[in-house]
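Peer 1: Structure file start_35.txt, compact mmCIF, N, CA and C atoms, is pasted below:
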```
# COMPACT_ATOMS: atom_id res chain seq x y z
N MET A 12 7.18 10.30 -11.69
CA MET A 12 6.10 10.57 -10.78
C MET A 12 6.01 9.40 -9.79
N LYS A 13 5.65 9.72 -8.57
CA LYS A 13 5.53 8.69 -7.55
C LYS A 13 4.11 8.16 -7.49
N TYR A 14 4.00 6.84 -7.32
CA TYR A 14 2.71 6.17 -7.19
C TYR A 14 2.76 5.25 -5.98
N LEU A 15 1.66 5.21 -5.24
CA LEU A 15 1.53 4.29 -4.13
C LEU A 15 0.66 3.13 -4.59
N CYS A 16 1.19 1.94 -4.47
CA CYS A 16 0.46 0.72 -4.83
C CYS A 16 0.02 0.06 -3.53
N LEU A 17 -1.26 0.16 -3.21
CA LEU A 17 -1.81 -0.37 -1.97
C LEU A 17 -2.29 -1.79 -2.20
N VAL A 18 -1.77 -2.72 -1.44
CA VAL A 18 -2.08 -4.15 -1.60
C VAL A 18 -3.20 -4.51 -0.62
N TYR A 19 -4.31 -5.04 -1.16
CA TYR A 19 -5.44 -5.46 -0.34
C TYR A 19 -5.65 -6.96 -0.48
N LEU A 20 -5.87 -7.62 0.67
CA LEU A 20 -6.12 -9.06 0.69
C LEU A 20 -7.24 -9.36 1.68
N ASP A 21 -7.98 -10.43 1.42
CA ASP A 21 -8.95 -10.86 2.42
C ASP A 21 -8.23 -11.81 3.39
N ALA A 22 -8.90 -12.11 4.49
CA ALA A 22 -8.28 -12.92 5.55
C ALA A 22 -7.81 -14.28 5.04
N ALA A 23 -8.56 -14.88 4.14
CA ALA A 23 -8.21 -16.20 3.63
C ALA A 23 -6.91 -16.20 2.82
N HIS A 24 -6.55 -15.05 2.26
CA HIS A 24 -5.36 -14.98 1.41
C HIS A 24 -4.24 -14.14 2.03
N TRP A 25 -4.38 -13.79 3.31
CA TRP A 25 -3.42 -12.89 3.96
C TRP A 25 -1.98 -13.40 3.83
N ASN A 26 -1.77 -14.69 3.95
CA ASN A 26 -0.43 -15.27 3.87
C ASN A 26 -0.23 -16.10 2.60
N ALA A 27 -0.98 -15.78 1.55
CA ALA A 27 -0.91 -16.56 0.31
C ALA A 27 0.45 -16.44 -0.38
N CYS A 28 1.12 -15.32 -0.21
CA CYS A 28 2.45 -15.13 -0.81
C CYS A 28 3.47 -15.08 0.31
N SER A 29 4.52 -15.83 0.16
CA SER A 29 5.56 -15.84 1.20
C SER A 29 6.33 -14.52 1.18
N ASP A 30 6.95 -14.21 2.31
CA ASP A 30 7.81 -13.03 2.38
C ASP A 30 8.92 -13.12 1.35
N HIS A 31 9.42 -14.33 1.12
CA HIS A 31 10.50 -14.53 0.16
C HIS A 31 10.07 -14.11 -1.25
N VAL A 32 8.88 -14.52 -1.67
CA VAL A 32 8.38 -14.17 -3.01
C VAL A 32 8.21 -12.66 -3.14
N CYS A 33 7.63 -12.04 -2.12
CA CYS A 33 7.44 -10.58 -2.16
C CYS A 33 8.78 -9.84 -2.14
N ALA A 34 9.72 -10.33 -1.35
CA ALA A 34 11.05 -9.70 -1.29
C ALA A 34 11.78 -9.81 -2.61
N GLU A 35 11.64 -10.95 -3.29
CA GLU A 35 12.28 -11.11 -4.61
C GLU A 35 11.74 -10.09 -5.60
N TYR A 36 10.40 -9.88 -5.61
CA TYR A 36 9.83 -8.90 -6.53
C TYR A 36 10.29 -7.50 -6.16
N ALA A 37 10.29 -7.18 -4.88
CA ALA A 37 10.75 -5.86 -4.44
C ALA A 37 12.20 -5.63 -4.86
N GLN A 38 13.03 -6.66 -4.77
CA GLN A 38 14.43 -6.53 -5.17
C GLN A 38 14.54 -6.26 -6.67
N GLN A 39 13.73 -6.93 -7.48
CA GLN A 39 13.74 -6.70 -8.93
C GLN A 39 13.39 -5.25 -9.25
N VAL A 40 12.35 -4.73 -8.60
CA VAL A 40 11.93 -3.35 -8.86
C VAL A 40 12.98 -2.38 -8.32
N ALA A 41 13.59 -2.71 -7.19
CA ALA A 41 14.64 -1.86 -6.63
C ALA A 41 15.84 -1.78 -7.57
N GLU A 42 16.19 -2.90 -8.17
CA GLU A 42 17.32 -2.92 -9.10
C GLU A 42 17.05 -2.06 -10.33
N SER A 43 15.77 -1.86 -10.67
CA SER A 43 15.44 -0.99 -11.80
C SER A 43 15.36 0.48 -11.38
N ARG A 44 15.63 0.72 -10.10
CA ARG A 44 15.63 2.06 -9.51
C ARG A 44 14.26 2.73 -9.52
N ARG A 45 13.21 1.90 -9.49
CA ARG A 45 11.85 2.44 -9.45
C ARG A 45 11.17 2.22 -8.10
N LEU A 46 11.79 1.46 -7.21
CA LEU A 46 11.19 1.19 -5.91
C LEU A 46 11.72 2.16 -4.87
N MET A 47 10.81 2.82 -4.19
CA MET A 47 11.18 3.74 -3.11
C MET A 47 10.96 3.08 -1.75
N ALA A 48 9.95 2.23 -1.64
CA ALA A 48 9.67 1.51 -0.40
C ALA A 48 8.71 0.38 -0.70
N ALA A 49 8.83 -0.70 0.06
CA ALA A 49 7.89 -1.82 -0.01
C ALA A 49 7.75 -2.35 1.41
N VAL A 50 6.53 -2.30 1.94
CA VAL A 50 6.35 -2.61 3.35
C VAL A 50 5.10 -3.47 3.55
N PRO A 51 5.26 -4.66 4.16
CA PRO A 51 4.08 -5.44 4.54
C PRO A 51 3.55 -4.93 5.88
N LEU A 52 2.28 -5.14 6.12
CA LEU A 52 1.66 -4.72 7.38
C LEU A 52 1.18 -5.93 8.16
N HIS A 53 1.10 -5.78 9.48
CA HIS A 53 0.48 -6.80 10.31
C HIS A 53 -1.02 -6.78 10.04
N GLY A 54 -1.73 -7.81 10.49
CA GLY A 54 -3.17 -7.91 10.28
C GLY A 54 -3.94 -6.77 10.92
N THR A 55 -5.17 -6.60 10.47
CA THR A 55 -5.99 -5.48 10.94
C THR A 55 -6.32 -5.57 12.42
N HIS A 56 -6.19 -6.76 13.03
CA HIS A 56 -6.45 -6.88 14.46
C HIS A 56 -5.43 -6.08 15.28
N THR A 57 -4.32 -5.66 14.67
CA THR A 57 -3.31 -4.86 15.36
C THR A 57 -3.52 -3.37 15.15
N ALA A 58 -4.50 -2.99 14.33
CA ALA A 58 -4.70 -1.59 13.96
C ALA A 58 -5.39 -0.79 15.07
N THR A 59 -5.04 0.48 15.12
CA THR A 59 -5.74 1.45 15.95
C THR A 59 -6.07 2.63 15.06
N THR A 60 -7.31 3.05 15.06
CA THR A 60 -7.73 4.21 14.28
C THR A 60 -7.81 5.41 15.21
N VAL A 61 -7.21 6.52 14.78
CA VAL A 61 -7.17 7.75 15.57
C VAL A 61 -8.03 8.80 14.87
N ARG A 62 -8.90 9.43 15.64
CA ARG A 62 -9.70 10.56 15.14
C ARG A 62 -9.58 11.68 16.16
N VAL A 63 -9.61 12.91 15.68
CA VAL A 63 -9.65 14.07 16.57
C VAL A 63 -10.92 14.84 16.26
N ARG A 64 -11.76 15.00 17.27
CA ARG A 64 -13.03 15.72 17.13
C ARG A 64 -13.13 16.74 18.25
N ASN A 65 -13.29 18.01 17.87
CA ASN A 65 -13.39 19.10 18.85
C ASN A 65 -12.23 19.08 19.84
N GLY A 66 -11.03 18.81 19.34
CA GLY A 66 -9.83 18.80 20.15
C GLY A 66 -9.63 17.54 20.98
N GLU A 67 -10.55 16.60 20.93
CA GLU A 67 -10.45 15.37 21.70
C GLU A 67 -9.94 14.24 20.80
N VAL A 68 -8.93 13.52 21.29
CA VAL A 68 -8.39 12.38 20.56
C VAL A 68 -9.22 11.15 20.89
N LEU A 69 -9.77 10.53 19.85
CA LEU A 69 -10.59 9.32 20.00
C LEU A 69 -9.85 8.15 19.37
N LEU A 70 -9.77 7.03 20.09
CA LEU A 70 -9.08 5.84 19.59
C LEU A 70 -10.08 4.71 19.42
N PHE A 71 -9.92 3.96 18.33
CA PHE A 71 -10.78 2.82 18.03
C PHE A 71 -9.89 1.64 17.66
N ASP A 72 -10.21 0.47 18.20
CA ASP A 72 -9.50 -0.74 17.81
C ASP A 72 -9.90 -1.12 16.40
N GLY A 73 -8.92 -1.54 15.61
CA GLY A 73 -9.21 -2.02 14.27
C GLY A 73 -9.12 -0.94 13.21
N PRO A 74 -9.39 -1.34 11.98
CA PRO A 74 -9.29 -0.41 10.85
C PRO A 74 -10.47 0.56 10.81
N PHE A 75 -10.34 1.58 9.97
CA PHE A 75 -11.36 2.61 9.84
C PHE A 75 -12.68 2.06 9.34
N ALA A 76 -12.62 1.15 8.39
CA ALA A 76 -13.85 0.63 7.77
C ALA A 76 -13.87 -0.88 7.81
N GLU A 77 -15.04 -1.44 7.92
CA GLU A 77 -15.20 -2.90 7.83
C GLU A 77 -15.29 -3.26 6.35
N THR A 78 -14.35 -4.05 5.88
CA THR A 78 -14.35 -4.48 4.49
C THR A 78 -13.90 -5.93 4.42
N ARG A 79 -14.19 -6.57 3.31
CA ARG A 79 -13.74 -7.94 3.13
C ARG A 79 -12.24 -7.99 2.88
N GLU A 80 -11.74 -7.06 2.06
CA GLU A 80 -10.29 -6.99 1.82
C GLU A 80 -9.70 -5.88 2.68
N MET A 81 -8.54 -6.17 3.25
CA MET A 81 -7.88 -5.24 4.15
C MET A 81 -6.52 -4.85 3.60
N LEU A 82 -6.06 -3.67 3.97
CA LEU A 82 -4.74 -3.20 3.54
C LEU A 82 -3.68 -4.11 4.12
N ALA A 83 -2.91 -4.74 3.26
CA ALA A 83 -1.89 -5.71 3.67
C ALA A 83 -0.48 -5.15 3.57
N GLY A 84 -0.29 -4.11 2.78
CA GLY A 84 1.03 -3.53 2.61
C GLY A 84 1.02 -2.56 1.45
N PHE A 85 2.19 -2.04 1.13
CA PHE A 85 2.26 -1.09 0.02
C PHE A 85 3.63 -1.10 -0.63
N TYR A 86 3.65 -0.64 -1.85
CA TYR A 86 4.88 -0.39 -2.60
C TYR A 86 4.81 1.06 -3.05
N LEU A 87 5.84 1.84 -2.78
CA LEU A 87 5.94 3.20 -3.28
C LEU A 87 6.94 3.16 -4.42
N VAL A 88 6.46 3.50 -5.61
CA VAL A 88 7.29 3.37 -6.80
C VAL A 88 7.42 4.72 -7.50
N ASP A 89 8.48 4.85 -8.27
CA ASP A 89 8.70 6.02 -9.10
C ASP A 89 8.57 5.55 -10.55
N ALA A 90 7.49 5.93 -11.20
CA ALA A 90 7.20 5.47 -12.57
C ALA A 90 7.06 6.68 -13.48
N LYS A 91 7.32 6.46 -14.77
CA LYS A 91 7.24 7.59 -15.70
C LYS A 91 5.81 8.05 -15.91
N ASP A 92 4.84 7.11 -15.74
CA ASP A 92 3.43 7.47 -15.93
C ASP A 92 2.55 6.39 -15.30
N LEU A 93 1.24 6.60 -15.36
CA LEU A 93 0.30 5.65 -14.76
C LEU A 93 0.42 4.26 -15.39
N ASN A 94 0.64 4.19 -16.68
CA ASN A 94 0.75 2.88 -17.34
C ASN A 94 1.91 2.07 -16.78
N GLU A 95 3.05 2.72 -16.57
CA GLU A 95 4.20 2.00 -16.00
C GLU A 95 3.90 1.60 -14.56
N ALA A 96 3.24 2.46 -13.80
CA ALA A 96 2.87 2.13 -12.41
C ALA A 96 1.93 0.93 -12.38
N ILE A 97 1.00 0.87 -13.32
CA ILE A 97 0.07 -0.26 -13.40
C ILE A 97 0.82 -1.55 -13.73
N GLN A 98 1.79 -1.47 -14.61
CA GLN A 98 2.59 -2.65 -14.94
C GLN A 98 3.34 -3.15 -13.71
N LEU A 99 3.91 -2.21 -12.93
CA LEU A 99 4.61 -2.60 -11.71
C LEU A 99 3.63 -3.22 -10.72
N ALA A 100 2.45 -2.63 -10.58
CA ALA A 100 1.44 -3.14 -9.65
C ALA A 100 0.99 -4.55 -10.04
N ALA A 101 0.88 -4.79 -11.33
CA ALA A 101 0.45 -6.11 -11.80
C ALA A 101 1.46 -7.19 -11.45
N GLY A 102 2.73 -6.81 -11.28
CA GLY A 102 3.76 -7.77 -10.92
C GLY A 102 3.84 -8.07 -9.43
N ILE A 103 3.18 -7.29 -8.60
CA ILE A 103 3.22 -7.51 -7.16
C ILE A 103 2.56 -8.85 -6.87
N PRO A 104 3.28 -9.79 -6.26
CA PRO A 104 2.76 -11.16 -6.10
C PRO A 104 1.37 -11.26 -5.48
N PRO A 105 1.02 -10.52 -4.42
CA PRO A 105 -0.32 -10.67 -3.85
C PRO A 105 -1.45 -10.21 -4.78
N ALA A 106 -1.14 -9.55 -5.88
CA ALA A 106 -2.19 -9.16 -6.83
C ALA A 106 -2.91 -10.38 -7.38
N GLN A 107 -2.27 -11.55 -7.31
CA GLN A 107 -2.89 -12.79 -7.77
C GLN A 107 -3.95 -13.29 -6.81
N HIS A 108 -3.98 -12.75 -5.59
CA HIS A 108 -4.90 -13.23 -4.56
C HIS A 108 -5.85 -12.15 -4.05
N GLY A 109 -5.54 -10.89 -4.33
CA GLY A 109 -6.34 -9.78 -3.84
C GLY A 109 -6.39 -8.69 -4.90
N SER A 110 -6.15 -7.47 -4.49
CA SER A 110 -6.15 -6.36 -5.44
C SER A 110 -5.07 -5.36 -5.05
N VAL A 111 -4.66 -4.55 -6.02
CA VAL A 111 -3.67 -3.51 -5.79
C VAL A 111 -4.25 -2.20 -6.33
N GLU A 112 -4.42 -1.25 -5.44
CA GLU A 112 -4.91 0.08 -5.83
C GLU A 112 -3.69 0.94 -6.15
N VAL A 113 -3.69 1.58 -7.31
CA VAL A 113 -2.59 2.44 -7.72
C VAL A 113 -3.07 3.89 -7.63
N ARG A 114 -2.34 4.68 -6.87
CA ARG A 114 -2.76 6.06 -6.67
C ARG A 114 -1.55 6.99 -6.76
N PRO A 115 -1.63 8.08 -7.55
CA PRO A 115 -0.51 9.01 -7.62
C PRO A 115 -0.30 9.72 -6.27
N VAL A 116 0.95 9.96 -5.95
CA VAL A 116 1.30 10.70 -4.74
C VAL A 116 1.21 12.18 -5.04
N ARG A 117 0.59 12.91 -4.13
CA ARG A 117 0.42 14.36 -4.29
C ARG A 117 1.40 15.07 -3.38
N GLU A 118 2.11 16.03 -3.92
CA GLU A 118 3.01 16.84 -3.13
C GLU A 118 2.21 17.90 -2.39
N LEU A 119 2.61 18.19 -1.16
CA LEU A 119 1.95 19.25 -0.40
C LEU A 119 2.19 20.59 -1.09
N GLN A 120 1.16 21.40 -1.18
CA GLN A 120 1.27 22.74 -1.77
C GLN A 120 1.41 23.74 -0.62
N LEU A 121 2.62 24.12 -0.33
CA LEU A 121 2.89 25.01 0.79
C LEU A 121 2.87 26.46 0.33
N ALA A 122 2.12 27.27 1.04
CA ALA A 122 2.07 28.71 0.73
C ALA A 122 3.38 29.34 1.19
N PRO A 123 3.85 30.34 0.44
CA PRO A 123 5.07 31.04 0.87
C PRO A 123 4.84 31.63 2.26
N GLY A 124 5.82 31.41 3.13
CA GLY A 124 5.63 31.82 4.50
C GLY A 124 6.42 32.97 4.91
```
Mind turning the file's structure into structure tokens?

Peer 2:
Amino acid sequence: MKYLCLVYLDAAHWNACSDHVCAEYAQQVAESRRLMAAVPLHGTHTATTVRVRNGEVLLFDGPFAETREMLAGFYLVDAKDLNEAIQLAAGIPPAQHGSVEVRPVRELQLAPG
């Protein structure tokens, strides 16, 4: 089953883990054939939020919500169950400075066409 591990950090800890440390962990998980993707994000000051209301596209600078911790990146993993996904999330280096939300990936349910 696929799980998305969302990495959240506050501004003070945004660069607490070097790219090298994160890349080493990603390589370890990749070698176990459980890593599908691992991607860091730029800071929230680079974000644009898009909404469509009544056919009109509305753009807003910044993230959707004001929070202390911001989405810093993600790991998409293939784990046998939630417990294994949690173990992988606990190994993500920024988890020592912020939090990692683990959420199962849902497949689209397409109606026969």

Peer 1: Between A:Ala58, A:Val40, A:Met47, A:Met81, which is the closest to Ala22 in chain A once you count all atoms listed in the file?

Peer 2: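 Using all atoms listed in the file, Ala22 in chain A sits closest to A:Met81.
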
Peer 1: In Å, with one decimal, what is the gap from atom C of Leu99 in chain A to atom N of Pro51 in chain A?

Peer 2: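 Computed distance, atom C of Leu99 in chain A to atom N of Pro51 in chain A, equals 15.0 Å.
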
Peer 1: Determine which residues of chain A DSSP labels as alpha helix (DSSP H) from the backbone of this structure, then write them out as a PyMOL selection string.

Peer 2: chain A and resi 30-42+93-102

Peer 1: Pick the closest to Arg44 in chain A from A:Asp30, A:Glu67, A:Asp21, A:Asp89: which is it, counting all atoms listed in the file?

Peer 2: A:Asp89

Peer 1: Measuring between all atoms listed in the file, which one of A:Val88, A:Leu93, A:Val63, A:Met12 shows the shortest distance to Leu46 in chain A?

Peer 2: A:Val88

Peer 1: List every residue of range 60-86 of chain A that has an atom at most 10 Å from any atom of range 105-116 of chain A, giving for each one its closest atom pair and the distance in Å to one decimal, counting only C-alpha atoms, sorted by chain and then by ascending residue number, as CSV.

Peer 2:
```
residue,atom,partner,partner_atom,distance
A:Glu80,CA,A:Gly109,CA,7.4
A:Met81,CA,A:Gly109,CA,9.3
A:Leu82,CA,A:Val111,CA,9.4
A:Ala83,CA,A:Pro105,CA,9.1
A:Gly84,CA,A:Val111,CA,9.6
A:Phe85,CA,A:Val111,CA,8.6
A:Tyr86,CA,A:Val113,CA,9.5
```

Peer 1: Could you check which of A:Leu20, A:Pro104, A:Ile97, A:Leu87 is closest to Val50 in chain A, using only N, CA and C atoms?

Peer 2: A:Leu87

Peer 1: Enclose the full set of atoms of range 23-40 of chain A listed in the file within a box whose edges lie along x, y and z, apply 3 Å of padding to each of the six sides, and report centre and edge lengths in Å to one decimal as JSON.

Peer 2:
```
{"center_x": 3.0, "center_y": -9.5, "center_z": -2.6, "size_x": 29.1, "size_y": 20.2, "size_z": 19.4}
```
